[in-house]
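**Student:** Sharing target-v3.pdb below, PDB, C-alpha atoms:
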MODEL        1
ATOM      1  CA  MET W   1     128.458-241.797 -94.409  1.00  0.00           C
ATOM      2  CA  ASN W   2     129.594-244.804 -92.356  1.00  0.00           C
ATOM      3  CA  ALA W   3     129.059-242.896 -89.104  1.00  0.00           C
ATOM      4  CA  LEU W   4     125.481-242.094 -90.115  1.00  0.00           C
ATOM      5  CA  ALA W   5     124.869-245.695 -91.168  1.00  0.00           C
ATOM      6  CA  GLN W   6     126.043-246.922 -87.765  1.00  0.00           C
ATOM      7  CA  LEU W   7     123.499-244.596 -86.159  1.00  0.00           C
ATOM      8  CA  GLY W   8     120.759-245.995 -88.390  1.00  0.00           C
ATOM      9  CA  MET W   9     120.353-242.684 -90.204  1.00  0.00           C
ATOM     10  CA  VAL W  10     121.072-244.035 -93.685  1.00  0.00           C
ATOM     11  CA  SER W  11     118.787-246.604 -95.219  1.00  0.00           C
ATOM     12  CA  GLY W  12     119.916-249.385 -97.500  1.00  0.00           C
ATOM     13  CA  LEU W  13     116.805-249.087 -99.616  1.00  0.00           C
ATOM     14  CA  PRO W  14     114.732-246.051-100.569  1.00  0.00           C
ATOM     15  CA  ARG W  15     111.976-245.178 -98.115  1.00  0.00           C
ATOM     16  CA  ASP W  16     113.238-247.611 -95.409  1.00  0.00           C
ATOM     17  CA  ASN W  17     113.240-244.770 -92.902  1.00  0.00           C
ATOM     18  CA  GLN W  18     109.656-243.782 -93.649  1.00  0.00           C
ATOM     19  CA  THR W  19     106.464-245.593 -92.745  1.00  0.00           C
ATOM     20  CA  VAL W  20     103.038-245.685 -94.334  1.00  0.00           C
ATOM     21  CA  ALA W  21     100.037-245.347 -92.039  1.00  0.00           C
ATOM     22  CA  SER W  22      97.676-248.327 -92.048  1.00  0.00           C
ATOM     23  CA  ASN W  23      94.807-246.114 -93.224  1.00  0.00           C
ATOM     24  CA  THR W  24      96.757-244.895 -96.297  1.00  0.00           C
ATOM     25  CA  SER W  25      95.028-245.514 -99.632  1.00  0.00           C
ATOM     26  CA  HIS W  26      96.606-247.249-102.622  1.00  0.00           C
ATOM     27  CA  GLU W  27      96.620-243.923-104.507  1.00  0.00           C
ATOM     28  CA  GLU W  28      98.570-242.235-101.701  1.00  0.00           C
ATOM     29  CA  VAL W  29     101.148-245.049-101.583  1.00  0.00           C
ATOM     30  CA  CYS W  30     101.639-244.951-105.385  1.00  0.00           C
ATOM     31  CA  LYS W  31     101.833-241.153-105.734  1.00  0.00           C
ATOM     32  CA  ASP W  32     104.699-239.735-107.782  1.00  0.00           C
ATOM     33  CA  TYR W  33     105.898-237.189-105.154  1.00  0.00           C
ATOM     34  CA  PHE W  34     105.235-234.223-107.437  1.00  0.00           C
ATOM     35  CA  ILE W  35     104.349-231.102-105.449  1.00  0.00           C
ATOM     36  CA  GLU W  36     101.266-228.951-106.032  1.00  0.00           C
ATOM     37  CA  ARG W  37     101.555-225.310-104.953  1.00  0.00           C
ATOM     38  CA  ASP W  38     100.574-221.855-106.234  1.00  0.00           C
ATOM     39  CA  GLY W  39      98.606-223.253-109.188  1.00  0.00           C
ATOM     40  CA  GLU W  40     101.530-225.386-110.396  1.00  0.00           C
ATOM     41  CA  ARG W  41     102.564-229.008-110.196  1.00  0.00           C
ATOM     42  CA  PHE W  42     106.318-229.613-110.164  1.00  0.00           C
ATOM     43  CA  ALA W  43     108.851-232.366-109.556  1.00  0.00           C
ATOM     44  CA  GLY W  44     110.773-230.624-106.821  1.00  0.00           C
ATOM     45  CA  HIS W  45     112.850-227.743-105.560  1.00  0.00           C
ATOM     46  CA  HIS W  46     116.354-227.305-106.960  1.00  0.00           C
ATOM     47  CA  LEU W  47     118.521-224.975-104.888  1.00  0.00           C
ATOM     48  CA  LEU W  48     121.724-223.546-106.343  1.00  0.00           C
ATOM     49  CA  ILE W  49     123.816-222.421-103.374  1.00  0.00           C
ATOM     50  CA  ASP W  50     127.107-220.499-103.520  1.00  0.00           C
ATOM     51  CA  PHE W  51     129.268-220.344-100.385  1.00  0.00           C
ATOM     52  CA  TRP W  52     131.758-217.443-100.652  1.00  0.00           C
ATOM     53  CA  ASP W  53     134.690-216.713 -98.290  1.00  0.00           C
ATOM     54  CA  ALA W  54     134.265-220.276 -97.060  1.00  0.00           C
ATOM     55  CA  THR W  55     136.561-222.622 -95.129  1.00  0.00           C
ATOM     56  CA  ASN W  56     136.952-226.416 -94.795  1.00  0.00           C
ATOM     57  CA  LEU W  57     136.673-226.918 -98.545  1.00  0.00           C
ATOM     58  CA  ASP W  58     139.461-229.480 -98.917  1.00  0.00           C
ATOM     59  CA  ASP W  59     138.308-232.302 -96.599  1.00  0.00           C
ATOM     60  CA  PRO W  60     136.236-234.901 -98.487  1.00  0.00           C
ATOM     61  CA  ALA W  61     135.341-236.864 -95.324  1.00  0.00           C
ATOM     62  CA  ALA W  62     134.044-233.773 -93.504  1.00  0.00           C
ATOM     63  CA  ILE W  63     132.122-232.640 -96.580  1.00  0.00           C
ATOM     64  CA  ASP W  64     130.607-236.127 -97.049  1.00  0.00           C
ATOM     65  CA  ALA W  65     129.501-236.280 -93.399  1.00  0.00           C
ATOM     66  CA  THR W  66     128.073-232.751 -93.509  1.00  0.00           C
ATOM     67  CA  LEU W  67     126.142-233.249 -96.734  1.00  0.00           C
ATOM     68  CA  CYS W  68     124.746-236.548 -95.411  1.00  0.00           C
ATOM     69  CA  GLU W  69     123.655-234.777 -92.220  1.00  0.00           C
ATOM     70  CA  ALA W  70     122.090-232.025 -94.347  1.00  0.00           C
ATOM     71  CA  ALA W  71     120.157-234.587 -96.411  1.00  0.00           C
ATOM     72  CA  VAL W  72     118.774-236.326 -93.323  1.00  0.00           C
ATOM     73  CA  THR W  73     117.885-232.948 -91.757  1.00  0.00           C
ATOM     74  CA  ALA W  74     115.891-232.083 -94.898  1.00  0.00           C
ATOM     75  CA  GLY W  75     113.957-235.373 -94.644  1.00  0.00           C
ATOM     76  CA  ALA W  76     115.712-237.170 -97.504  1.00  0.00           C
ATOM     77  CA  THR W  77     116.698-240.832 -97.861  1.00  0.00           C
ATOM     78  CA  ILE W  78     120.390-241.386 -98.666  1.00  0.00           C
ATOM     79  CA  LEU W  79     121.153-244.094-101.226  1.00  0.00           C
ATOM     80  CA  HIS W  80     124.858-243.502-101.944  1.00  0.00           C
ATOM     81  CA  SER W  81     127.618-240.928-101.712  1.00  0.00           C
ATOM     82  CA  HIS W  82     130.860-240.497-103.627  1.00  0.00           C
ATOM     83  CA  PHE W  83     133.546-237.807-103.308  1.00  0.00           C
ATOM     84  CA  HIS W  84     136.784-237.067-105.131  1.00  0.00           C
ATOM     85  CA  HIS W  85     139.709-235.004-103.799  1.00  0.00           C
ATOM     86  CA  PHE W  86     141.702-233.141-106.452  1.00  0.00           C
ATOM     87  CA  THR W  87     145.391-232.337-106.268  1.00  0.00           C
ATOM     88  CA  PRO W  88     147.285-230.063-106.070  1.00  0.00           C
ATOM     89  CA  ASN W  89     144.646-227.431-105.150  1.00  0.00           C
ATOM     90  CA  GLY W  90     142.676-229.728-102.796  1.00  0.00           C
ATOM     91  CA  GLY W  91     139.237-229.141-104.297  1.00  0.00           C
ATOM     92  CA  VAL W  92     136.463-231.652-103.684  1.00  0.00           C
ATOM     93  CA  SER W  93     133.690-232.798-106.029  1.00  0.00           C
ATOM     94  CA  GLY W  94     131.008-235.170-104.921  1.00  0.00           C
ATOM     95  CA  VAL W  95     127.421-236.273-104.887  1.00  0.00           C
ATOM     96  CA  ILE W  96     124.923-237.701-102.439  1.00  0.00           C
ATOM     97  CA  VAL W  97     122.346-239.735-104.371  1.00  0.00           C
ATOM     98  CA  LEU W  98     118.963-239.544-102.668  1.00  0.00           C
ATOM     99  CA  ALA W  99     115.720-241.430-103.181  1.00  0.00           C
ATOM    100  CA  GLU W 100     114.317-237.901-103.564  1.00  0.00           C
ATOM    101  CA  SER W 101     117.080-236.797-106.032  1.00  0.00           C
ATOM    102  CA  HIS W 102     120.580-235.511-105.104  1.00  0.00           C
ATOM    103  CA  ILE W 103     123.007-233.102-103.453  1.00  0.00           C
ATOM    104  CA  SER W 104     126.193-232.272-105.368  1.00  0.00           C
ATOM    105  CA  ILE W 105     129.187-230.074-104.548  1.00  0.00           C
ATOM    106  CA  HIS W 106     132.284-228.642-106.197  1.00  0.00           C
ATOM    107  CA  THR W 107     134.804-226.689-104.108  1.00  0.00           C
ATOM    108  CA  TRP W 108     137.606-224.303-104.997  1.00  0.00           C
ATOM    109  CA  PRO W 109     139.707-223.901-101.816  1.00  0.00           C
ATOM    110  CA  GLU W 110     142.084-221.524-103.634  1.00  0.00           C
ATOM    111  CA  ARG W 111     139.092-219.192-104.142  1.00  0.00           C
ATOM    112  CA  ASN W 112     137.333-219.950-100.821  1.00  0.00           C
ATOM    113  CA  PHE W 113     134.267-220.957-102.846  1.00  0.00           C
ATOM    114  CA  ALA W 114     131.850-223.893-102.945  1.00  0.00           C
ATOM    115  CA  ALA W 115     128.989-224.476-105.401  1.00  0.00           C
ATOM    116  CA  VAL W 116     126.265-226.796-104.114  1.00  0.00           C
ATOM    117  CA  ASP W 117     123.153-228.129-105.876  1.00  0.00           C
ATOM    118  CA  VAL W 118     120.333-229.535-103.744  1.00  0.00           C
ATOM    119  CA  PHE W 119     117.446-231.086-105.683  1.00  0.00           C
ATOM    120  CA  MET W 120     114.667-232.727-103.668  1.00  0.00           C
ATOM    121  CA  CYS W 121     111.134-233.817-104.435  1.00  0.00           C
ATOM    122  CA  GLY W 122     108.211-234.759-102.215  1.00  0.00           C
ATOM    123  CA  ALA W 123     107.947-233.539 -98.632  1.00  0.00           C
ATOM    124  CA  CYS W 124     111.688-232.814 -98.259  1.00  0.00           C
ATOM    125  CA  ASP W 125     112.720-229.229 -97.504  1.00  0.00           C
ATOM    126  CA  PRO W 126     116.033-228.450 -99.252  1.00  0.00           C
ATOM    127  CA  ASN W 127     116.268-225.092 -97.457  1.00  0.00           C
ATOM    128  CA  LEU W 128     117.008-226.996 -94.227  1.00  0.00           C
ATOM    129  CA  THR W 129     120.349-228.104 -95.727  1.00  0.00           C
ATOM    130  CA  ILE W 130     121.818-224.594 -95.783  1.00  0.00           C
ATOM    131  CA  PRO W 131     122.394-224.067 -92.026  1.00  0.00           C
ATOM    132  CA  VAL W 132     123.941-227.544 -91.735  1.00  0.00           C
ATOM    133  CA  MET W 133     126.427-226.806 -94.527  1.00  0.00           C
ATOM    134  CA  GLN W 134     127.106-223.314 -93.180  1.00  0.00           C
ATOM    135  CA  ARG W 135     128.281-224.827 -89.870  1.00  0.00           C
ATOM    136  CA  LEU W 136     131.146-226.504 -91.759  1.00  0.00           C
ATOM    137  CA  PHE W 137     131.907-223.853 -94.366  1.00  0.00           C
ATOM    138  CA  GLN W 138     131.545-220.737 -92.168  1.00  0.00           C
ATOM    139  CA  ALA W 139     130.969-218.731 -95.344  1.00  0.00           C
ATOM    140  CA  GLY W 140     131.120-214.966 -95.230  1.00  0.00           C
ATOM    141  CA  ARG W 141     128.375-214.840 -97.867  1.00  0.00           C
ATOM    142  CA  VAL W 142     125.773-217.389 -98.953  1.00  0.00           C
ATOM    143  CA  VAL W 143     123.810-216.864-102.178  1.00  0.00           C
ATOM    144  CA  SER W 144     120.899-219.173-102.976  1.00  0.00           C
ATOM    145  CA  ASP W 145     118.601-219.424-105.996  1.00  0.00           C
ATOM    146  CA  GLU W 146     115.616-221.759-106.257  1.00  0.00           C
ATOM    147  CA  VAL W 147     114.196-223.380-109.370  1.00  0.00           C
ATOM    148  CA  ARG W 148     111.042-225.463-109.539  1.00  0.00           C
ATOM    149  CA  ARG W 149     111.876-228.438-111.770  1.00  0.00           C
ATOM    150  CA  GLY W 150     109.302-230.127-114.001  1.00  0.00           C
ATOM    151  CA  ARG W 151     106.785-227.286-113.761  1.00  0.00           C
ATOM    152  CA  GLU W 152     103.338-227.599-115.274  1.00  0.00           C
ATOM    153  CA  LYS W 153     100.176-225.584-114.843  1.00  0.00           C
ATOM    154  CA  ILE W 154      97.287-227.184-113.001  1.00  0.00           C
ATOM    155  CA  ALA W 155      94.005-226.955-114.903  1.00  0.00           C
ATOM    156  CA  PRO W 156      91.336-225.118-112.908  1.00  0.00           C
ATOM    157  CA  ALA W 157      88.622-227.352-111.446  1.00  0.00           C
ATOM    158  CA  GLY W 158      85.325-227.439-113.265  1.00  0.00           C
TER     159      GLY W 158
ENDMDL
END
Would you mind giving the structure from this file in structure tokens?
**Tutor:**
Amino acid sequence: MNALAQLGMVSGLPRDNQTVASNTSHEEVCKDYFIERDGERFAGHHLLIDFWDATNLDDPAAIDATLCEAAVTAGATILHSHFHHFTPNGGVSGVIVLAESHISIHTWPERNFAAVDVFMCGACDPNLTIPVMQRLFQAGRVVSDEVRRGREKIAPAG
């Protein structure tokens, strides 16, 4: 994360890297970042991504840098990251805390497997994180499921 911070890609405070147009209304500035689509309102997209036959699963610094790059690519604001390297198998667990939610990972190098959760609200696109992570992991197979969190029906107008 330090490399990204030096490039100005990581903000110290949420929303520092985003601007509000001068003609933006108070309601738009105070919105809750829920998404409205397909007759539903929901908090955000939660991707559950499995990387199978993967490599580079035992390097916390490389994983941290890659997940931070993935977050920025998706349009998210990084608040904090923390990673832990397990011994003796070398697995890594970690989280990137975002203003828009989080990215978490758990790796099993002995099984060539990584499980990643990407939860983002607002205008972020969590699907953009997958190619960034795939560059590091070089997985033979990537399986992704999407869940809409905080779903509620929108009442029809009228």
**Student:** Would you translate the PyMOL selection byres ((chain W and resi 125-131) around 6) into the concrete set of residues it matches in this file, as a PyMOL selection string?
**Tutor:** chain W and resi 70+74+124+132-134
**Student:** Taking the file as I've supplied it (selection: the PyMOL selection byres ((chain W and resi 143) around 6)), which residues are included? Please answer as an NGL selection string.
**Tutor:** :W and (49-50 or 142 or 144)
**Student:** Could those selected residues go to a file with C-alpha atoms, as a short mmCIF file (atom, residue, chain, number, x, y, z; two decimals), keeping the file's coordinate frame?
**Tutor:**
data_model
loop_
_atom_site.label_atom_id
_atom_site.label_comp_id
_atom_site.auth_asym_id
_atom_site.auth_seq_id
_atom_site.Cartn_x
_atom_site.Cartn_y
_atom_site.Cartn_z
CA ILE W 49 123.82 -222.42 -103.37
CA ASP W 50 127.11 -220.50 -103.52
CA VAL W 142 125.77 -217.39 -98.95
CA SER W 144 120.90 -219.17 -102.98
#
**Student:** Calculated over only C-alpha atoms, which of the candidates W:Ala155, W:Thr87, W:Asn56, W:Ala76 has the smallest distance to Ala123 of chain W?
**Tutor:**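 Among W:Ala155, W:Thr87, W:Asn56, W:Ala76, it is W:Ala76 that comes nearest to Ala123 of chain W.
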**Student:** Quick one: pull the distance between atom CA of Asp117 of chain W and atom CA of Arg151 of chain W, Å, one decimal.
**Tutor:**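 According to the coordinates, atom CA of Asp117 of chain W and atom CA of Arg151 of chain W are separated by 18.2 Å.
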**Student:** Which residues are near Arg111 of chain W? Cut-off 9 Å, all atoms listed in the file, ignore same chain within fewer than 3 positions. Put them as a list in words.
**Tutor:** Trp52, Asp53, Ala54, Thr107, Trp108 and Ala114 of chain W
**Student:** Which is closest to Leu79 of chain W among W:Glu100, W:Glu152, W:Asp58, W:Glu146, if we use all atoms listed in the file?
**Tutor:** W:Glu100
**Student:** Atom CA of Arg41 of chain W to atom CA of Val116 of chain W: how many Å, to one decimal?
**Tutor:**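 For atom CA of Arg41 of chain W relative to atom CA of Val116 of chain W, the distance reads 24.6 Å.
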**Student:** Quote the spacing between atom CA of Asn89 of chain W and atom CA of Pro109 of chain W in Å to one decimal place.
**Tutor:**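 Computed distance, atom CA of Asn89 of chain W to atom CA of Pro109 of chain W, equals 6.9 Å.
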**Student:** Ranking W:Phe113, W:Ile103, W:Arg135, W:Met120 by minimum distance to Arg149 of chain W and counting all atoms listed in the file, which one comes first?
**Tutor:**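 So, comparing all the options, the nearest one is W:Met120.
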**Student:** Go through the shown structure with the PyMOL selection byres ((chain W and resi 63) around 10) and write out the matching residues as number ranges by chain.
**Tutor:** W: 56-62, 64-69, 83, 92-94, 105, 107, 133, 136-137
**Student:** W:Ala115, W:Cys121, W:Ile154, W:Val147: which is nearest Gly91 of chain W, counting all atoms listed in the file?
**Tutor:**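 Between W:Ala115, W:Cys121, W:Ile154, W:Val147, the residue approaching Gly91 of chain W most closely is W:Ala115.
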**Student:** Please reconstruct the missing atoms of segment 44-55 of chain W (target: all heavy atoms) and return them as a compact mmCIF listing (two decimals), in the frame of the given file.
**Tutor:**
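Final output, out_33.txt:
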# COMPACT_ATOMS: atom_id res chain seq x y z
N GLY W 44 110.09 -230.92 -108.07
CA GLY W 44 110.77 -230.62 -106.82
C GLY W 44 111.48 -229.30 -106.86
O GLY W 44 111.48 -228.60 -107.87
N HIS W 45 112.09 -228.98 -105.72
CA HIS W 45 112.85 -227.74 -105.56
C HIS W 45 114.32 -228.02 -105.84
O HIS W 45 114.89 -228.96 -105.28
CB HIS W 45 112.72 -227.21 -104.13
CG HIS W 45 111.33 -226.86 -103.75
ND1 HIS W 45 110.76 -225.66 -104.08
CD2 HIS W 45 110.39 -227.55 -103.08
CE1 HIS W 45 109.53 -225.63 -103.61
NE2 HIS W 45 109.28 -226.76 -103.00
N HIS W 46 114.94 -227.19 -106.66
CA HIS W 46 116.35 -227.30 -106.96
C HIS W 46 117.01 -226.02 -106.48
O HIS W 46 116.79 -224.95 -107.04
CB HIS W 46 116.57 -227.49 -108.46
CG HIS W 46 117.93 -227.98 -108.80
ND1 HIS W 46 118.19 -228.64 -109.98
CD2 HIS W 46 119.11 -227.93 -108.15
CE1 HIS W 46 119.48 -228.96 -110.03
NE2 HIS W 46 120.05 -228.52 -108.94
N LEU W 47 117.80 -226.13 -105.41
CA LEU W 47 118.52 -224.98 -104.89
C LEU W 47 119.92 -224.95 -105.47
O LEU W 47 120.60 -225.99 -105.52
CB LEU W 47 118.64 -225.04 -103.36
CG LEU W 47 117.38 -224.99 -102.54
CD1 LEU W 47 117.73 -224.93 -101.05
CD2 LEU W 47 116.52 -223.80 -102.91
N LEU W 48 120.36 -223.79 -105.90
CA LEU W 48 121.72 -223.55 -106.34
C LEU W 48 122.33 -222.63 -105.29
O LEU W 48 121.89 -221.49 -105.13
CB LEU W 48 121.73 -222.89 -107.72
CG LEU W 48 120.92 -223.63 -108.79
CD1 LEU W 48 120.86 -222.81 -110.07
CD2 LEU W 48 121.49 -224.99 -109.04
N ILE W 49 123.29 -223.14 -104.53
CA ILE W 49 123.82 -222.42 -103.37
C ILE W 49 125.30 -222.16 -103.57
O ILE W 49 126.07 -223.09 -103.82
CB ILE W 49 123.61 -223.22 -102.07
CG1 ILE W 49 122.16 -223.71 -101.97
CG2 ILE W 49 123.99 -222.39 -100.85
CD1 ILE W 49 121.98 -224.88 -101.03
N ASP W 50 125.70 -220.89 -103.45
CA ASP W 50 127.11 -220.50 -103.52
C ASP W 50 127.57 -220.08 -102.13
O ASP W 50 126.94 -219.22 -101.50
CB ASP W 50 127.30 -219.33 -104.48
CG ASP W 50 127.05 -219.71 -105.93
OD1 ASP W 50 127.06 -220.91 -106.24
OD2 ASP W 50 126.86 -218.79 -106.75
N PHE W 51 128.64 -220.70 -101.65
CA PHE W 51 129.27 -220.34 -100.38
C PHE W 51 130.56 -219.60 -100.71
O PHE W 51 131.49 -220.19 -101.26
CB PHE W 51 129.57 -221.60 -99.56
CG PHE W 51 128.35 -222.30 -99.04
CD1 PHE W 51 127.76 -223.32 -99.77
CD2 PHE W 51 127.79 -221.95 -97.82
CE1 PHE W 51 126.63 -223.98 -99.30
CE2 PHE W 51 126.66 -222.60 -97.34
CZ PHE W 51 126.08 -223.62 -98.08
N TRP W 52 130.61 -218.30 -100.39
CA TRP W 52 131.76 -217.44 -100.65
C TRP W 52 132.52 -217.17 -99.35
O TRP W 52 131.92 -217.14 -98.28
CB TRP W 52 131.31 -216.12 -101.25
CG TRP W 52 130.79 -216.23 -102.65
CD1 TRP W 52 129.48 -216.31 -103.05
CD2 TRP W 52 131.57 -216.29 -103.84
NE1 TRP W 52 129.40 -216.41 -104.41
CE2 TRP W 52 130.68 -216.40 -104.93
CE3 TRP W 52 132.94 -216.27 -104.09
CZ2 TRP W 52 131.11 -216.46 -106.25
CZ3 TRP W 52 133.37 -216.33 -105.41
CH2 TRP W 52 132.46 -216.43 -106.47
N ASP W 53 133.83 -216.95 -99.47
CA ASP W 53 134.69 -216.71 -98.29
C ASP W 53 134.53 -217.86 -97.30
O ASP W 53 134.40 -217.65 -96.09
CB ASP W 53 134.37 -215.37 -97.63
CG ASP W 53 134.52 -214.21 -98.60
OD1 ASP W 53 135.50 -214.21 -99.37
OD2 ASP W 53 133.65 -213.32 -98.60
N ALA W 54 134.53 -219.08 -97.84
CA ALA W 54 134.26 -220.28 -97.06
C ALA W 54 135.57 -220.97 -96.63
O ALA W 54 136.63 -220.74 -97.21
CB ALA W 54 133.40 -221.24 -97.87
N THR W 55 135.44 -221.83 -95.63
CA THR W 55 136.56 -222.62 -95.13
C THR W 55 136.20 -224.10 -95.19
O THR W 55 135.08 -224.46 -95.54
CB THR W 55 136.89 -222.24 -93.67
OG1 THR W 55 135.74 -222.52 -92.85
CG2 THR W 55 137.26 -220.77 -93.54
